[in-house]
>>> print(open('structure_15.txt').read())   # compact mmCIF, C-alpha atoms
# COMPACT_ATOMS: atom_id res chain seq x y z
CA MET Q 1 130.78 103.60 107.58
CA SER Q 2 129.35 101.67 104.68
CA LYS Q 3 132.03 100.60 102.25
CA ARG Q 4 132.10 99.44 98.69
CA THR Q 5 132.38 95.83 99.75
CA LEU Q 6 131.66 93.77 96.67
CA ARG Q 7 133.81 90.84 97.56
CA ARG Q 8 137.35 90.35 96.41
CA GLY Q 9 138.22 86.83 95.40
CA THR Q 10 135.70 84.03 95.47
CA PRO Q 11 133.33 84.14 98.48
CA SER Q 12 132.02 80.95 99.98
CA LEU Q 13 128.48 79.82 99.29
CA LYS Q 14 127.65 80.45 102.95
CA GLN Q 15 128.91 84.05 102.74
CA GLU Q 16 126.89 84.69 99.62
CA GLU Q 17 123.72 83.18 101.09
CA SER Q 18 124.14 85.30 104.22
CA LEU Q 19 124.61 88.47 102.19
CA VAL Q 20 121.62 87.78 99.96
CA SER Q 21 119.43 87.03 102.99
CA TYR Q 22 120.57 90.27 104.66
CA LEU Q 23 119.82 92.37 101.59
CA LYS Q 24 116.44 90.71 101.05
CA GLU Q 25 115.48 91.69 104.59
CA LYS Q 26 116.63 95.27 103.97
CA ALA Q 27 114.48 95.38 100.83
CA ARG Q 28 111.48 94.04 102.77
CA GLN Q 29 111.97 96.70 105.44
CA ILE Q 30 112.20 99.39 102.77
CA ARG Q 31 108.94 98.13 101.26
CA ARG Q 32 107.25 98.12 104.65
CA ASP Q 33 108.30 101.71 105.28
CA ILE Q 34 107.11 102.76 101.82
CA ILE Q 35 103.64 101.42 102.55
CA ILE Q 36 103.50 102.95 106.04
CA MET Q 37 104.59 106.42 104.98
CA LEU Q 38 102.34 106.56 101.91
CA ALA Q 39 99.30 105.41 103.86
CA GLU Q 40 100.02 108.07 106.47
CA ALA Q 41 100.48 110.76 103.81
CA GLY Q 42 97.45 109.69 101.80
CA SER Q 43 99.28 110.50 98.58
CA GLY Q 44 102.42 109.57 96.69
CA HIS Q 45 103.82 106.97 94.32
CA PRO Q 46 103.93 103.36 95.55
CA GLY Q 47 104.34 101.44 92.26
CA GLY Q 48 107.73 102.72 91.13
CA SER Q 49 108.99 102.92 94.70
CA LEU Q 50 108.29 99.25 95.39
CA SER Q 51 109.81 98.18 92.08
CA ALA Q 52 113.13 99.80 93.02
CA ALA Q 53 113.43 98.52 96.60
CA ASP Q 54 115.76 95.58 95.91
CA ILE Q 55 118.16 97.75 93.94
CA LEU Q 56 118.33 100.47 96.60
CA ALA Q 57 118.83 97.84 99.30
CA CYS Q 58 121.88 96.56 97.41
CA LEU Q 59 123.21 100.06 96.85
CA TYR Q 60 122.86 101.48 100.36
CA PHE Q 61 123.72 98.33 102.30
CA HIS Q 62 126.48 96.80 100.23
CA VAL Q 63 127.69 98.75 97.21
CA LEU Q 64 127.91 102.45 97.95
CA ARG Q 65 130.88 103.93 99.77
CA HIS Q 66 129.07 106.33 102.08
CA ASP Q 67 128.82 107.44 105.70
CA PRO Q 68 125.45 108.53 107.14
CA LYS Q 69 127.29 110.38 109.91
CA ARG Q 70 129.18 112.42 107.30
CA PRO Q 71 126.73 113.01 104.43
CA GLU Q 72 129.06 115.62 102.90
CA TRP Q 73 132.14 113.34 102.93
CA PRO Q 74 133.93 114.32 99.69
CA ALA Q 75 135.10 110.79 98.82
CA ARG Q 76 131.63 109.26 99.04
CA ASP Q 77 129.97 107.58 96.09
CA ARG Q 78 126.86 109.36 94.84
CA PHE Q 79 123.38 108.01 94.10
CA ILE Q 80 120.83 110.18 92.30
CA LEU Q 81 117.19 109.18 91.99
CA SER Q 82 116.35 110.85 88.69
CA LYS Q 83 112.78 109.53 88.75
CA GLY Q 84 112.16 111.74 91.74
CA HIS Q 85 108.47 110.91 92.14
CA ALA Q 86 109.61 107.53 93.53
CA CYS Q 87 111.24 109.30 96.48
CA PRO Q 88 109.55 107.08 99.12
CA VAL Q 89 112.03 104.31 98.26
CA LEU Q 90 114.94 106.75 98.65
CA TYR Q 91 113.62 108.13 101.94
CA ALA Q 92 113.07 104.63 103.30
CA ALA Q 93 116.61 103.56 102.34
CA LEU Q 94 118.18 106.70 103.82
CA ALA Q 95 116.27 106.32 107.08
CA GLU Q 96 117.15 102.63 107.32
CA ALA Q 97 120.82 103.53 106.73
CA GLY Q 98 120.73 106.11 109.54
CA TYR Q 99 120.70 109.46 107.75
CA PHE Q 100 117.72 110.64 109.82
CA PRO Q 101 115.31 109.13 112.39
CA LYS Q 102 112.81 106.69 110.95
CA GLU Q 103 109.98 108.44 112.78
CA GLN Q 104 110.44 111.29 110.33
CA LEU Q 105 109.10 109.08 107.53
CA LEU Q 106 105.61 109.70 108.87
CA THR Q 107 105.93 113.37 107.89
CA LEU Q 108 106.07 112.55 104.17
CA ARG Q 109 104.42 115.29 102.06
CA LYS Q 110 103.31 117.24 105.12
CA LEU Q 111 103.72 120.99 105.33
CA GLY Q 112 107.18 121.93 106.55
CA SER Q 113 108.57 118.39 106.31
CA PRO Q 114 111.95 117.86 104.64
CA LEU Q 115 110.40 114.75 103.04
CA GLN Q 116 108.62 116.43 100.18
CA GLY Q 117 106.85 114.77 97.24
CA HIS Q 118 110.11 115.00 95.31
CA PRO Q 119 113.61 114.89 96.86
CA ASP Q 120 115.14 118.23 97.90
CA MET Q 121 118.90 118.23 98.50
CA ARG Q 122 118.64 121.43 100.54
CA LYS Q 123 116.36 119.86 103.12
CA LEU Q 124 117.38 116.27 103.72
CA PRO Q 125 120.83 114.74 104.39
CA GLY Q 126 121.76 112.02 101.92
CA VAL Q 127 119.80 113.47 99.01
CA GLU Q 128 122.44 114.23 96.39
CA MET Q 129 120.23 116.09 93.92
CA THR Q 130 116.84 117.74 93.82
CA THR Q 131 114.91 115.78 91.21
CA GLY Q 132 111.46 115.40 89.73
CA SER Q 133 111.73 117.10 86.35
CA LEU Q 134 112.36 113.96 84.34
CA GLY Q 135 115.77 113.68 82.71
CA GLN Q 136 117.45 116.33 84.82
CA GLY Q 137 118.73 114.03 87.52
CA PHE Q 138 120.34 111.87 84.86
CA SER Q 139 122.06 114.91 83.34
CA THR Q 140 123.31 115.95 86.78
CA SER Q 141 124.82 112.52 87.35
CA ILE Q 142 126.88 112.96 84.20
CA GLY Q 143 128.19 116.27 85.54
CA MET Q 144 129.10 114.56 88.81
CA ALA Q 145 130.90 111.75 86.98
CA LEU Q 146 132.82 114.25 84.86
CA ALA Q 147 133.78 116.20 88.00
CA ALA Q 148 135.07 113.00 89.62
CA LYS Q 149 137.21 112.35 86.54
CA LEU Q 150 138.62 115.89 86.67
CA ASP Q 151 139.32 115.47 90.39
CA ARG Q 152 141.04 112.14 89.72
CA SER Q 153 138.74 110.70 92.37
CA SER Q 154 137.82 107.03 92.74
CA ARG Q 155 134.24 107.85 93.70
CA ARG Q 156 131.55 106.18 91.61
CA ILE Q 157 128.33 107.80 90.46
CA PHE Q 158 125.07 105.84 90.33
CA VAL Q 159 121.77 107.10 88.98
CA MET Q 160 118.35 105.51 88.57
CA ILE Q 161 116.04 106.50 85.74
CA GLY Q 162 112.54 105.29 84.90
CA ASP Q 163 111.35 103.67 81.71
CA GLY Q 164 108.74 106.40 81.22
CA GLU Q 165 111.49 108.92 81.90
CA SER Q 166 113.47 107.35 79.05
CA GLN Q 167 111.01 108.91 76.63
CA GLU Q 168 112.51 112.33 77.42
CA GLY Q 169 114.80 113.76 74.76
CA GLN Q 170 117.11 115.11 77.46
CA VAL Q 171 117.96 111.54 78.46
CA TRP Q 172 119.33 110.79 75.00
CA GLU Q 173 121.27 114.05 74.73
CA ALA Q 174 122.83 113.29 78.11
CA SER Q 175 123.60 109.70 77.13
CA MET Q 176 125.67 110.98 74.19
CA ALA Q 177 127.65 113.24 76.53
CA ALA Q 178 128.41 110.38 78.93
CA SER Q 179 129.74 108.27 76.11
CA HIS Q 180 131.65 111.17 74.53
CA TYR Q 181 133.48 111.91 77.78
CA ARG Q 182 134.16 108.20 78.41
CA LEU Q 183 132.56 108.24 81.85
CA ASP Q 184 133.28 104.69 82.97
CA ASN Q 185 132.76 105.83 86.59
CA LEU Q 186 129.03 106.27 85.86
CA THR Q 187 126.47 103.48 86.34
CA THR Q 188 122.86 104.08 85.33
CA ILE Q 189 120.08 101.76 86.44
CA LEU Q 190 116.92 101.71 84.35
CA ASP Q 191 113.95 100.64 86.47
CA PHE Q 192 112.12 98.92 83.63
CA ASN Q 193 108.74 98.05 85.13
CA GLY Q 194 106.83 98.63 81.90
CA LEU Q 195 104.25 101.09 83.27
CA GLN Q 196 103.98 104.84 83.58
CA ILE Q 197 101.22 107.18 84.73
CA ASP Q 198 99.27 106.95 81.45
CA GLY Q 199 99.60 103.19 80.95
CA ALA Q 200 102.03 100.73 79.42
CA ASN Q 201 105.21 102.11 77.87
CA VAL Q 202 104.58 100.16 74.69
CA GLU Q 203 101.28 102.00 74.23
CA VAL Q 204 102.29 105.49 75.40
CA MET Q 205 105.70 105.69 73.68
CA ASN Q 206 107.54 102.46 73.08
CA ILE Q 207 111.20 102.61 74.15
CA GLN Q 208 112.15 99.21 72.73
CA PRO Q 209 114.57 97.94 71.58
CA THR Q 210 116.10 99.45 74.71
CA ALA Q 211 119.38 97.53 75.00
CA GLU Q 212 120.23 98.07 71.34
CA LYS Q 213 119.63 101.81 71.66
CA TRP Q 214 121.96 102.21 74.63
CA LYS Q 215 124.62 100.09 72.95
CA ALA Q 216 124.34 102.28 69.86
CA PHE Q 217 124.91 105.31 72.07
CA GLY Q 218 128.21 103.80 73.24
CA TRP Q 219 127.24 102.30 76.58
CA ASN Q 220 128.20 99.06 78.30
CA VAL Q 221 124.79 97.38 78.66
CA ILE Q 222 123.82 94.70 81.20
CA GLU Q 223 120.29 93.25 81.48
CA ILE Q 224 119.11 91.71 84.76
CA ASP Q 225 116.14 90.68 86.83
CA GLY Q 226 115.84 93.76 89.06
CA HIS Q 227 114.46 91.70 91.95
CA ASP Q 228 117.23 89.08 91.98
CA ILE Q 229 119.79 90.19 94.58
CA THR Q 230 122.58 88.08 93.11
CA GLN Q 231 122.05 89.52 89.63
CA ILE Q 232 121.88 93.06 91.00
CA LEU Q 233 125.17 92.67 92.87
CA TYR Q 234 126.81 91.13 89.83
CA ALA Q 235 125.76 94.05 87.62
CA LEU Q 236 126.82 96.70 90.15
CA SER Q 237 130.25 95.18 90.70
CA PRO Q 238 133.24 97.28 89.54
CA GLU Q 239 134.35 94.21 87.60
CA ARG Q 240 131.43 94.71 85.19
CA LYS Q 241 132.80 98.06 84.04
CA GLN Q 242 134.27 98.47 80.58
CA PRO Q 243 137.12 100.99 80.24
CA GLY Q 244 135.98 104.20 78.59
CA LYS Q 245 132.26 103.32 78.63
CA PRO Q 246 129.46 104.31 81.01
CA THR Q 247 127.39 101.36 82.19
CA MET Q 248 123.64 100.94 81.70
CA ILE Q 249 121.93 98.28 83.82
CA ILE Q 250 118.49 97.48 82.41
CA ALA Q 251 116.70 96.10 85.45
CA HIS Q 252 113.48 94.32 84.54
CA THR Q 253 111.14 94.88 87.47
CA ILE Q 254 107.48 94.65 88.47
CA LYS Q 255 105.57 97.80 89.33
CA GLY Q 256 104.31 97.47 92.91
CA LYS Q 257 106.56 94.48 93.62
CA GLY Q 258 105.83 92.68 96.88
CA VAL Q 259 102.17 93.67 97.23
CA SER Q 260 99.84 91.39 95.28
CA PHE Q 261 97.09 93.90 94.49
CA MET Q 262 99.62 96.53 93.36
CA GLU Q 263 101.83 94.37 91.16
CA GLY Q 264 101.49 95.36 87.51
CA VAL Q 265 98.59 97.72 88.24
CA VAL Q 266 99.01 101.12 86.62
CA ASP Q 267 96.57 102.80 89.03
CA PHE Q 268 99.15 102.44 91.79
CA HIS Q 269 101.69 104.51 89.89
CA GLY Q 270 100.55 107.54 91.87
CA LYS Q 271 97.81 106.39 94.26
CA ALA Q 272 98.56 105.79 97.91
CA PRO Q 273 97.04 102.78 99.67
CA THR Q 274 94.14 103.25 102.04
CA LYS Q 275 94.61 102.25 105.67
CA GLU Q 276 92.90 98.93 104.92
CA GLN Q 277 95.03 98.32 101.84
CA ALA Q 278 98.15 99.22 103.81
CA ALA Q 279 97.26 96.65 106.47
CA GLN Q 280 96.86 93.98 103.79
CA ALA Q 281 100.14 94.99 102.12
CA LEU Q 282 102.05 94.84 105.40
CA ALA Q 283 100.55 91.44 106.18
CA GLU Q 284 101.74 90.15 102.80
CA LEU Q 285 105.25 91.51 103.38
CA GLU Q 286 105.35 89.88 106.80
CA ALA Q 287 104.18 86.58 105.31
CA ALA Q 288 106.90 86.81 102.64
CA GLU Q 289 109.49 87.27 105.39
CA ALA Q 290 108.37 84.05 107.02
CA THR Q 291 108.81 81.97 103.84
>>> encode(input="structure_15.txt", output="structure tokens")
Amino acid sequence: MSKRTLRRGTPSLKQEESLVSYLKEKARQIRRDIIIMLAEAGSGHPGGSLSAADILACLYFHVLRHDPKRPEWPARDRFILSKGHACPVLYAALAEAGYFPKEQLLTLRKLGSPLQGHPDMRKLPGVEMTTGSLGQGFSTSIGMALAAKLDRSSRRIFVMIGDGESQEGQVWEASMAASHYRLDNLTTILDFNGLQIDGANVEVMNIQPTAEKWKAFGWNVIEIDGHDITQILYALSPERKQPGKPTMIIAHTIKGKGVSFMEGVVDFHGKAPTKEQAAQALAELEAAEAT
């Protein structure tokens, strides 16, 4: 069983270095699996999947209280990927955690596969919510957090939204509800990679000043480098909560992180790598592991 194991007390430098190294390797493996499954499928969304890999590695291998052998365990923490088009990162994390065999990743987007182009909670263990319609996963997470409060449960609710998704009016209606109901058991992670399918956020529909907006809506706001494991763990720690306030972690990331020719390239929002590109990407990830 994976536990919520953010350390009590002051860990030694050696313990912290070991943990960071472990989570970096999990993130690299998630990125490798993203590339492999997308190349096999010939379609999908690499950019926003790669940008979220470090965060999901921290969640599934250190932060979340969950049990892959009991995906319906009532006391588990919940994670909802509201930006459902980035499901390859979720599938890779779930497979790495043991929710289903990793060989199944090669069935991504194929007819009859439970690994569809957007997550389906009816078909795959570990998927907490069917998402893809932007804003709806975020709203669902608020319902889950409210239910946990009513149940007097200690379970925490985590949700990831995209920066392009943040242009949806539903997101801001839901953010008011989370603040109104004082959902301090809810943590939202904004994968702020600056790009969406039509281009840069600042050109399509600027969402800045982002931190000030969420603060104005009554949220506890933390800004981090979304690829720095130590900063991610710090932000996700229960100690960062503020009583009576939901938490918004603005994670500044790079679209396509880890693959040089994908980083910051809007075309790879929704374009799978070719077999040749996949080979290059995997070689780069292997080289990064050796450094």
>>> closest_residue(input="structure_15.txt", among="Q:Pro246, Q:Gly48, Q:Gly98, Q:Gly199", to="Ile157 (chain Q)", atoms="all atoms listed in the file")
Q:Pro246
>>> atom_distance(input="structure_15.txt", atom1="CA of Gly264 (chain Q)", atom2="CA of Asn193 (chain Q)")
8.1 Å
>>> closest_atom_pairs(input="structure_15.txt", of="region 184-227 of chain Q", to="region 75-81 of chain Q", cutoff="12 Å", atoms="all atoms listed in the file", output="JSON lines")
{"residue": "Q:Asn185", "atom": "CA", "partner": "Q:Asp77", "partner_atom": "CA", "distance": 10.1}
{"residue": "Q:Leu186", "atom": "CA", "partner": "Q:Arg78", "partner_atom": "CA", "distance": 9.7}
{"residue": "Q:Thr187", "atom": "CA", "partner": "Q:Phe79", "partner_atom": "CA", "distance": 9.5}
{"residue": "Q:Thr188", "atom": "CA", "partner": "Q:Ile80", "partner_atom": "CA", "distance": 9.5}
{"residue": "Q:Ile189", "atom": "CA", "partner": "Q:Leu81", "partner_atom": "CA", "distance": 9.7}
{"residue": "Q:Leu190", "atom": "CA", "partner": "Q:Leu81", "partner_atom": "CA", "distance": 10.7}
{"residue": "Q:Asp191", "atom": "CA", "partner": "Q:Leu81", "partner_atom": "CA", "distance": 10.7}
>>> atom_distance(input="structure_15.txt", atom1="CA of Gly194 (chain Q)", atom2="CA of Asn206 (chain Q)")
9.6 Å
>>> residues_around(input="structure_15.txt", residues="region 228-231 of chain Q", least_positions_apart="2", cutoff="10 Å", atoms="only C-alpha atoms", output="tab-separated table (two decimals) with C-alpha atoms, keeping the file's coordinate frame")
chain	number	residue	atom	x	y	z
Q	16	GLU	CA	126.89	84.69	99.62
Q	17	GLU	CA	123.72	83.18	101.09
Q	19	LEU	CA	124.61	88.47	102.19
Q	20	VAL	CA	121.62	87.78	99.96
Q	21	SER	CA	119.43	87.03	102.99
Q	23	LEU	CA	119.82	92.37	101.59
Q	24	LYS	CA	116.44	90.71	101.05
Q	27	ALA	CA	114.48	95.38	100.83
Q	54	ASP	CA	115.76	95.58	95.91
Q	55	ILE	CA	118.16	97.75	93.94
Q	57	ALA	CA	118.83	97.84	99.30
Q	58	CYS	CA	121.88	96.56	97.41
Q	223	GLU	CA	120.29	93.25	81.48
Q	224	ILE	CA	119.11	91.71	84.76
Q	225	ASP	CA	116.14	90.68	86.83
Q	226	GLY	CA	115.84	93.76	89.06
Q	233	LEU	CA	125.17	92.67	92.87
Q	234	TYR	CA	126.81	91.13	89.83
Q	235	ALA	CA	125.76	94.05	87.62
Q	236	LEU	CA	126.82	96.70	90.15
Q	251	ALA	CA	116.70	96.10	85.45
Q	252	HIS	CA	113.48	94.32	84.54
Q	253	THR	CA	111.14	94.88	87.47
>>> atom_distance(input="structure_15.txt", atom1="CA of Met37 (chain Q)", atom2="CA of Gln277 (chain Q)")
12.9 Å
>>> residues_around(input="structure_15.txt", residues="region 168-180 of chain Q", least_positions_apart="3", cutoff="10 Å", atoms="only C-alpha atoms", output="PyMOL selection string")
chain Q and resi 134-143+145-146+161+163-165+183-186+188+213-214+216-220+244-248
>>> closest_residue(input="structure_15.txt", among="Q:Ile232, Q:Ile197, Q:Ala288, Q:Met144", to="Pro74 (chain Q)", atoms="all atoms listed in the file")
Q:Met144
>>> residues_around(input="structure_15.txt", residues="Ala281 (chain Q)", least_positions_apart="3", cutoff="6 Å", atoms="only C-alpha atoms", output="NGL selection string")
:Q and (259 or 278 or 284)
>>> closest_residue(input="structure_15.txt", among="Q:Leu94, Q:Leu124, Q:Ser43, Q:Gln15", to="Gln29 (chain Q)", atoms="all atoms listed in the file")
Q:Leu94
>>> closest_residue(input="structure_15.txt", among="Q:Ala283, Q:Ala200, Q:Ala97, Q:Ala211", to="Leu64 (chain Q)", atoms="only C-alpha atoms")
Q:Ala97
>>> residues_near_point(input="structure_15.txt", point="(112.9, 104.8, 104.5)", cutoff="8 Å", atoms="only C-alpha atoms", output="PyMOL selection string")
chain Q and resi 30+33-34+88-96+102+105
>>> write_last_selection(input="structure_15.txt", atoms="C-alpha atoms", output="short mmCIF file (atom, residue, chain, number, x, y, z; two decimals), keeping the file's coordinate frame")
data_model
loop_
_atom_site.label_atom_id
_atom_site.label_comp_id
_atom_site.auth_asym_id
_atom_site.auth_seq_id
_atom_site.Cartn_x
_atom_site.Cartn_y
_atom_site.Cartn_z
CA ILE Q 30 112.20 99.39 102.77
CA ASP Q 33 108.30 101.71 105.28
CA ILE Q 34 107.11 102.76 101.82
CA PRO Q 88 109.55 107.08 99.12
CA VAL Q 89 112.03 104.31 98.26
CA LEU Q 90 114.94 106.75 98.65
CA TYR Q 91 113.62 108.13 101.94
CA ALA Q 92 113.07 104.63 103.30
CA ALA Q 93 116.61 103.56 102.34
CA LEU Q 94 118.18 106.70 103.82
CA ALA Q 95 116.27 106.32 107.08
CA GLU Q 96 117.15 102.63 107.32
CA LYS Q 102 112.81 106.69 110.95
CA LEU Q 105 109.10 109.08 107.53
#
>>> closest_residue(input="structure_15.txt", among="Q:Ala147, Q:Val265, Q:Ile250, Q:Cys87", to="Gln196 (chain Q)", atoms="all atoms listed in the file")
Q:Val265
>>> residues_around(input="structure_15.txt", residues="Thr274 (chain Q)", least_positions_apart="5", cutoff="12 Å", atoms="all atoms listed in the file", output="ChimeraX atom specification")
/Q:35-44,46,268,279-281
>>> closest_residue(input="structure_15.txt", among="Q:Val159, Q:Arg31, Q:Lys149, Q:Gln104", to="Ser82 (chain Q)", atoms="only C-alpha atoms")
Q:Val159
>>> residues_around(input="structure_15.txt", residues="His45 (chain Q)", least_positions_apart="4", cutoff="8 Å", atoms="all atoms listed in the file", output="number ranges by chain")
Q: 38, 49, 85-86, 88, 268-272
>>> write_last_selection(input="structure_15.txt", atoms="C-alpha atoms", output="mmCIF file, keeping the file's coordinate frame")
data_model
loop_
_atom_site.group_PDB
_atom_site.id
_atom_site.type_symbol
_atom_site.label_atom_id
_atom_site.label_comp_id
_atom_site.auth_asym_id
_atom_site.auth_seq_id
_atom_site.Cartn_x
_atom_site.Cartn_y
_atom_site.Cartn_z
ATOM 1 C CA LEU Q 38 102.340 106.560 101.910
ATOM 2 C CA SER Q 49 108.990 102.920 94.700
ATOM 3 C CA HIS Q 85 108.470 110.910 92.140
ATOM 4 C CA ALA Q 86 109.610 107.530 93.530
ATOM 5 C CA PRO Q 88 109.550 107.080 99.120
ATOM 6 C CA PHE Q 268 99.150 102.440 91.790
ATOM 7 C CA HIS Q 269 101.690 104.510 89.890
ATOM 8 C CA GLY Q 270 100.550 107.540 91.870
ATOM 9 C CA LYS Q 271 97.810 106.390 94.260
ATOM 10 C CA ALA Q 272 98.560 105.790 97.910
#
>>> axis_aligned_box(input="structure_15.txt", around="region 90-95 of chain Q", padding_each_side="6 Å", output="lines of an AutoDock Vina configuration file")
center_x = 115.6
center_y = 105.8
center_z = 102.9
size_x = 17.1
size_y = 16.6
size_z = 20.4
